[in-house]
>>> print(open('final_3.pdb').read())   # PDB, C-alpha atoms
ATOM      1  CA  GLN R   1       0.000   0.000   0.000
ATOM      2  CA  CYS R   2       1.259   3.457  -0.893
ATOM      3  CA  TYR R   3       0.241   5.607   2.072
ATOM      4  CA  ASP R   4       0.683   8.812   0.085
ATOM      5  CA  GLU R   5      -1.945   7.620  -2.397
ATOM      6  CA  LEU R   6      -4.511   7.647   0.423
ATOM      7  CA  ASN R   7      -4.760  11.396  -0.090
ATOM      8  CA  LEU R   8      -6.642  10.546  -3.280
ATOM      9  CA  LYS R   9      -8.223   7.187  -2.464
ATOM     10  CA  ALA R  10      -9.189   7.689   1.180
ATOM     11  CA  PRO R  11      -9.313  11.443   1.852
ATOM     12  CA  ASP R  12     -11.740  11.060   4.764
ATOM     13  CA  LEU R  13      -9.265   8.795   6.557
ATOM     14  CA  VAL R  14      -6.445  11.303   6.138
ATOM     15  CA  ARG R  15      -8.710  14.169   7.166
ATOM     16  CA  ASP R  16      -9.755  12.275  10.318
ATOM     17  CA  VAL R  17      -6.128  11.725  11.344
ATOM     18  CA  HIS R  18      -5.436  15.453  11.011
ATOM     19  CA  ALA R  19      -8.561  16.202  13.035
ATOM     20  CA  MET R  20      -7.457  13.885  15.837
ATOM     21  CA  TYR R  21      -4.101  15.671  16.104
ATOM     22  CA  ALA R  22      -5.873  19.013  16.167
ATOM     23  CA  ARG R  23      -8.242  17.862  18.903
ATOM     24  CA  VAL R  24      -5.418  16.808  21.231
ATOM     25  CA  GLY R  25      -3.634  20.129  20.920
ATOM     26  CA  ALA R  26      -1.282  19.958  17.930
ATOM     27  CA  GLU R  27      -0.546  23.414  16.560
ATOM     28  CA  VAL R  28       1.044  22.208  13.308
ATOM     29  CA  LEU R  29      -0.524  19.575  11.043
ATOM     30  CA  GLU R  30       1.879  17.673   8.815
ATOM     31  CA  THR R  31       0.802  16.601   5.344
ATOM     32  CA  ASN R  32       0.677  12.934   4.441
ATOM     33  CA  THR R  33       3.439  13.282   1.842
ATOM     34  CA  PHE R  34       6.641  11.907   3.381
ATOM     35  CA  GLY R  35       7.177   9.571   0.414
ATOM     36  CA  ALA R  36       5.304  11.571  -2.234
ATOM     37  CA  ASN R  37       8.254  12.328  -4.491
ATOM     38  CA  ARG R  38       8.655  11.047  -8.047
ATOM     39  CA  VAL R  39      11.325   8.481  -7.147
ATOM     40  CA  LYS R  40       9.408   6.775  -4.362
ATOM     41  CA  LEU R  41       6.046   6.956  -6.098
ATOM     42  CA  SER R  42       7.536   5.227  -9.145
ATOM     43  CA  GLN R  43       7.731   2.049  -7.053
ATOM     44  CA  TYR R  44       3.934   1.989  -7.201
ATOM     45  CA  GLY R  45       3.576   3.263 -10.768
ATOM     46  CA  LEU R  46       2.352   6.613  -9.455
ATOM     47  CA  GLU R  47       5.148   8.903 -10.646
ATOM     48  CA  SER R  48       2.759  10.739 -12.963
ATOM     49  CA  GLN R  49       0.590  11.744  -9.978
ATOM     50  CA  VAL R  50       3.178  13.614  -7.907
ATOM     51  CA  ARG R  51       1.442  16.969  -8.192
ATOM     52  CA  GLU R  52      -2.056  15.573  -7.742
ATOM     53  CA  ILE R  53      -1.118  13.618  -4.595
ATOM     54  CA  ASN R  54       0.772  16.473  -2.955
ATOM     55  CA  ARG R  55      -1.834  19.118  -3.750
ATOM     56  CA  ALA R  56      -4.572  16.881  -2.354
ATOM     57  CA  ALA R  57      -2.581  16.196   0.807
ATOM     58  CA  ALA R  58      -1.965  19.882   1.453
ATOM     59  CA  ARG R  59      -5.586  20.772   0.855
ATOM     60  CA  LEU R  60      -6.807  18.048   3.238
ATOM     61  CA  ALA R  61      -4.567  19.338   6.008
ATOM     62  CA  ARG R  62      -5.552  22.918   5.178
ATOM     63  CA  GLU R  63      -9.256  22.059   5.484
ATOM     64  CA  VAL R  64      -8.748  20.814   9.029
ATOM     65  CA  ALA R  65      -6.230  23.491   9.993
ATOM     66  CA  GLY R  66      -8.385  26.439   9.040
ATOM     67  CA  ASP R  67      -7.052  29.642  10.588
ATOM     68  CA  ASP R  68      -6.208  28.029  13.930
ATOM     69  CA  HIS R  69      -3.355  25.707  12.919
ATOM     70  CA  LEU R  70      -0.366  25.765  10.624
ATOM     71  CA  VAL R  71       0.217  23.216   7.874
ATOM     72  CA  ALA R  72       3.683  21.762   7.325
ATOM     73  CA  GLY R  73       4.385  20.198   3.949
ATOM     74  CA  ALA R  74       6.319  16.991   4.658
ATOM     75  CA  ILE R  75       9.210  16.069   2.365
ATOM     76  CA  GLY R  76      11.276  12.934   2.955
ATOM     77  CA  PRO R  77      14.414  11.599   1.261
ATOM     78  CA  LEU R  78      14.187  10.353  -2.312
ATOM     79  CA  GLY R  79      15.164   6.827  -1.339
ATOM     80  CA  VAL R  80      18.176   6.761  -3.674
ATOM     81  CA  ARG R  81      21.779   7.817  -3.216
ATOM     82  CA  ILE R  82      22.914  10.940  -4.987
ATOM     83  CA  GLU R  83      26.360  11.763  -6.257
ATOM     84  CA  PRO R  84      29.091  11.157  -5.225
ATOM     85  CA  TYR R  85      27.590   8.159  -3.379
ATOM     86  CA  GLY R  86      25.174   7.044  -6.102
ATOM     87  CA  PRO R  87      24.081   7.493  -9.717
ATOM     88  CA  THR R  88      21.449  10.191  -9.102
ATOM     89  CA  SER R  89      22.801  13.657  -9.928
ATOM     90  CA  VAL R  90      22.271  16.673  -7.695
ATOM     91  CA  ASP R  91      20.265  18.297 -10.491
ATOM     92  CA  GLU R  92      17.945  15.283 -10.686
ATOM     93  CA  ALA R  93      17.481  15.428  -6.926
ATOM     94  CA  PHE R  94      16.746  19.146  -7.090
ATOM     95  CA  GLN R  95      14.131  18.633  -9.808
ATOM     96  CA  ALA R  96      12.384  15.865  -7.853
ATOM     97  CA  PHE R  97      12.199  18.002  -4.722
ATOM     98  CA  GLU R  98      11.102  21.085  -6.643
ATOM     99  CA  GLU R  99       8.230  19.178  -8.241
ATOM    100  CA  GLN R 100       6.922  18.009  -4.865
ATOM    101  CA  LEU R 101       7.468  21.332  -3.102
ATOM    102  CA  SER R 102       5.682  23.267  -5.851
ATOM    103  CA  ALA R 103       2.602  21.084  -5.491
ATOM    104  CA  LEU R 104       2.616  21.445  -1.703
ATOM    105  CA  LYS R 105       2.747  25.211  -2.084
ATOM    106  CA  GLU R 106      -0.189  25.088  -4.501
ATOM    107  CA  GLY R 107      -2.105  23.141  -1.871
ATOM    108  CA  GLY R 108      -1.596  25.887   0.702
ATOM    109  CA  VAL R 109       1.114  24.819   3.163
ATOM    110  CA  ASP R 110       2.572  27.362   5.589
ATOM    111  CA  VAL R 111       5.996  25.781   6.056
ATOM    112  CA  PHE R 112       8.190  23.209   4.329
ATOM    113  CA  LEU R 113       9.373  20.349   6.580
ATOM    114  CA  LEU R 114      12.268  18.298   5.231
ATOM    115  CA  GLU R 115      12.668  15.366   7.612
ATOM    116  CA  THR R 116      14.519  12.117   8.285
ATOM    117  CA  PHE R 117      17.436  12.877   5.964
ATOM    118  CA  GLY R 118      20.752  11.076   6.446
ATOM    119  CA  ASP R 119      22.737  12.753   3.671
ATOM    120  CA  LEU R 120      23.618  16.432   3.968
ATOM    121  CA  ALA R 121      24.196  16.658   0.225
ATOM    122  CA  GLU R 122      20.660  15.437  -0.427
ATOM    123  CA  ILE R 123      18.928  17.715   2.064
ATOM    124  CA  ALA R 124      20.907  20.625   0.611
ATOM    125  CA  GLN R 125      19.139  20.038  -2.697
ATOM    126  CA  GLY R 126      15.813  19.933  -0.882
ATOM    127  CA  VAL R 127      16.533  23.267   0.783
ATOM    128  CA  ARG R 128      17.722  24.728  -2.507
ATOM    129  CA  ALA R 129      14.485  23.595  -4.172
ATOM    130  CA  ALA R 130      12.364  25.011  -1.344
ATOM    131  CA  ARG R 131      13.978  28.428  -1.704
ATOM    132  CA  ALA R 132      13.488  28.295  -5.471
ATOM    133  CA  VAL R 133       9.787  27.477  -5.104
ATOM    134  CA  ASP R 134       9.126  30.259  -2.582
ATOM    135  CA  PRO R 135      11.871  31.975  -0.569
ATOM    136  CA  ALA R 136       9.267  33.400   1.807
ATOM    137  CA  ILE R 137       8.009  30.029   3.074
ATOM    138  CA  PRO R 138       9.918  28.955   6.226
ATOM    139  CA  VAL R 139      12.026  25.798   5.977
ATOM    140  CA  ILE R 140      12.525  23.261   8.773
ATOM    141  CA  ALA R 141      15.361  20.824   8.022
ATOM    142  CA  GLN R 142      15.569  17.693  10.162
ATOM    143  CA  MET R 143      18.248  15.022   9.943
ATOM    144  CA  THR R 144      18.288  11.549  11.491
ATOM    145  CA  ILE R 145      21.099   9.981  13.515
ATOM    146  CA  GLY R 146      22.038   6.579  14.883
ATOM    147  CA  VAL R 147      22.821   5.466  18.433
ATOM    148  CA  ASP R 148      26.395   6.693  17.936
ATOM    149  CA  GLY R 149      25.053  10.219  17.463
ATOM    150  CA  ARG R 150      26.098  10.384  13.816
ATOM    151  CA  THR R 151      24.296  10.075  10.500
ATOM    152  CA  SER R 152      24.705   6.973   8.364
ATOM    153  CA  TYR R 153      27.234   9.012   6.380
ATOM    154  CA  GLY R 154      29.284   9.758   9.483
ATOM    155  CA  ALA R 155      28.329  13.403  10.056
ATOM    156  CA  SER R 156      28.311  14.586  13.684
ATOM    157  CA  PRO R 157      25.603  16.772  15.254
ATOM    158  CA  GLU R 158      27.968  19.721  14.975
ATOM    159  CA  ASP R 159      28.523  18.971  11.272
ATOM    160  CA  LEU R 160      24.767  18.934  10.707
ATOM    161  CA  ALA R 161      24.191  22.205  12.519
ATOM    162  CA  ARG R 162      27.034  24.038  10.774
ATOM    163  CA  THR R 163      25.966  22.880   7.313
ATOM    164  CA  LEU R 164      22.265  23.605   7.788
ATOM    165  CA  ASP R 165      23.111  26.966   9.342
ATOM    166  CA  LYS R 166      25.059  27.897   6.215
ATOM    167  CA  LEU R 167      22.061  26.852   4.122
ATOM    168  CA  ALA R 168      20.093  29.470   6.087
ATOM    169  CA  VAL R 169      17.177  27.221   7.018
ATOM    170  CA  ASP R 170      14.778  28.650   9.581
ATOM    171  CA  VAL R 171      14.804  25.688  11.972
ATOM    172  CA  ILE R 172      17.433  22.936  12.318
ATOM    173  CA  GLY R 173      16.389  19.625  13.825
ATOM    174  CA  LEU R 174      16.633  15.902  14.403
ATOM    175  CA  ASN R 175      13.956  13.251  14.144
ATOM    176  CA  CYS R 176      13.357   9.492  14.347
ATOM    177  CA  SER R 177      15.806   6.604  14.779
ATOM    178  CA  VAL R 178      16.815   6.983  18.416
ATOM    179  CA  GLY R 179      15.196   7.859  21.715
ATOM    180  CA  PRO R 180      14.834  11.155  23.575
ATOM    181  CA  GLN R 181      18.120  10.951  25.484
ATOM    182  CA  ALA R 182      20.299  10.528  22.398
ATOM    183  CA  ILE R 183      18.372  13.263  20.590
ATOM    184  CA  LEU R 184      18.759  15.615  23.561
ATOM    185  CA  GLU R 185      22.510  15.016  23.736
ATOM    186  CA  ALA R 186      22.859  15.699  20.011
ATOM    187  CA  ILE R 187      20.692  18.835  20.181
ATOM    188  CA  GLU R 188      22.867  20.167  23.020
ATOM    189  CA  LYS R 189      25.951  19.736  20.816
ATOM    190  CA  MET R 190      24.207  21.438  17.895
ATOM    191  CA  ALA R 191      23.308  24.402  20.093
ATOM    192  CA  THR R 192      26.993  25.169  20.604
ATOM    193  CA  VAL R 193      27.576  25.916  16.914
ATOM    194  CA  THR R 194      24.366  27.622  15.755
ATOM    195  CA  ARG R 195      22.024  30.328  16.982
ATOM    196  CA  ARG R 196      19.133  29.143  14.829
ATOM    197  CA  LYS R 197      16.042  27.582  16.358
ATOM    198  CA  LEU R 198      16.275  23.832  16.977
ATOM    199  CA  SER R 199      13.590  21.138  16.808
ATOM    200  CA  ALA R 200      13.511  17.594  18.198
ATOM    201  CA  GLN R 201      11.260  14.682  17.299
ATOM    202  CA  PRO R 202      12.574  11.509  18.988
ATOM    203  CA  ASN R 203      10.636   9.016  16.879
ATOM    204  CA  ALA R 204       7.830   8.783  14.357
ATOM    205  CA  GLY R 205       5.345   7.492  16.929
ATOM    206  CA  MET R 206       5.437  10.588  19.105
ATOM    207  CA  PRO R 207       3.493  13.837  18.595
ATOM    208  CA  ARG R 208       5.303  16.116  16.156
ATOM    209  CA  ASP R 209       6.288  19.287  17.977
ATOM    210  CA  VAL R 210       8.322  22.138  16.552
ATOM    211  CA  GLY R 211       9.682  24.753  18.895
ATOM    212  CA  GLY R 212      12.468  27.161  19.639
ATOM    213  CA  ARG R 213      15.671  26.408  21.476
TER     214      ARG R 213
END
>>> encode(input="final_3.pdb", output="structure tokens")
Amino acid sequence: QCYDELNLKAPDLVRDVHAMYARVGAEVLETNTFGANRVKLSQYGLESQVREINRAAARLAREVAGDDHLVAGAIGPLGVRIEPYGPTSVDEAFQAFEEQLSALKEGGVDVFLLETFGDLAEIAQGVRAARAVDPAIPVIAQMTIGVDGRTSYGASPEDLARTLDKLAVDVIGLNCSVGPQAILEAIEKMATVTRRKLSAQPNAGMPRDVGGR
């Protein structure tokens, strides 16, 4: 099952999930689009529906959010390695992110949320695409680390913070993979090298909160 396709096939289900988060106090509703990029959707033969799926997802979240909540357009990794680690070029990555981000903007998101990235080179293309689509929309960039406190590519928390700071994202963060203690320790290290706001989301099963340092 392609969960992103549910925005088209089961909109009431997606809308109900957003409504439940809103009822329990969430201030930001995240679109159901983590895997809604051309590369990942191609695994289900849905690559031609990138724009349709993302626009629908944003509009569903927007319907529930109204004027009382913000809507974050969720963008996950492409699921392939980009150069120099793989055959996908940085330009191809940029184009895939730009396509998804453009559709999320059309659907009415308030902020772009790039999350669960392990490769700084890949998230850089996502940030670049977000700024190209609309430089006025805030960008939250969240990486993921292992129990050793580093990404799968070996980058330290300080490396992540310095790189994302230079990319001028609005919020730098970590999400998934490890528990609260490891995330807290990494966030504390990141705070020593950046003055930007930081966000922490210990794992995908917990409420998604975005806040200042």
>>> closest_residue(input="final_3.pdb", among="R:Gly107, R:Leu78, R:Ala130, R:Ala186", to="Gly146 in chain R", atoms="all atoms listed in the file")
R:Ala186
>>> atom_distance(input="final_3.pdb", atom1="CA of Phe34 in chain R", atom2="CA of Arg15 in chain R")
16.0 Å
>>> atom_distance(input="final_3.pdb", atom1="CA of Ile137 in chain R", atom2="CA of Leu114 in chain R")
12.7 Å
>>> resolve_selection(input="final_3.pdb", expression="the PyMOL selection byres ((chain R and resi 75) around 9)", output="compact mmCIF listing (two decimals) with C-alpha atoms, in the coordinates of the input")
# COMPACT_ATOMS: atom_id res chain seq x y z
CA THR R 31 0.80 16.60 5.34
CA THR R 33 3.44 13.28 1.84
CA PHE R 34 6.64 11.91 3.38
CA GLY R 35 7.18 9.57 0.41
CA ALA R 36 5.30 11.57 -2.23
CA ASN R 37 8.25 12.33 -4.49
CA GLY R 73 4.38 20.20 3.95
CA ALA R 74 6.32 16.99 4.66
CA GLY R 76 11.28 12.93 2.96
CA PRO R 77 14.41 11.60 1.26
CA LEU R 78 14.19 10.35 -2.31
CA PHE R 97 12.20 18.00 -4.72
CA GLN R 100 6.92 18.01 -4.86
CA LEU R 101 7.47 21.33 -3.10
CA PHE R 112 8.19 23.21 4.33
CA LEU R 113 9.37 20.35 6.58
CA LEU R 114 12.27 18.30 5.23
CA GLU R 115 12.67 15.37 7.61
CA THR R 116 14.52 12.12 8.28
CA GLY R 126 15.81 19.93 -0.88
>>> resolve_selection(input="final_3.pdb", expression="the PyMOL selection byres ((chain R and resi 92) around 12)", output="PyMOL selection string")
chain R and resi 37-39+78+80-83+86-91+93-99+122+125-126+129
>>> closest_residue(input="final_3.pdb", among="R:Glu188, R:Glu63, R:Glu158, R:Asp148", to="Ala22 in chain R", atoms="only C-alpha atoms")
R:Glu63
>>> atom_distance(input="final_3.pdb", atom1="CA of Gly149 in chain R", atom2="CA of Ile187 in chain R")
10.0 Å
>>> closest_residue(input="final_3.pdb", among="R:Gly66, R:Gly79, R:Pro157, R:Pro11", to="Ser42 in chain R", atoms="all atoms listed in the file")
R:Gly79
>>> resolve_selection(input="final_3.pdb", expression="the PyMOL selection byres ((chain R and resi 134) around 12)", output="ChimeraX atom specification")
/R:98,101-106,109-112,127-133,135-139
>>> closest_residue(input="final_3.pdb", among="R:Leu167, R:Ala141, R:Met190, R:Leu198", to="Ala155 in chain R", atoms="all atoms listed in the file")
R:Met190
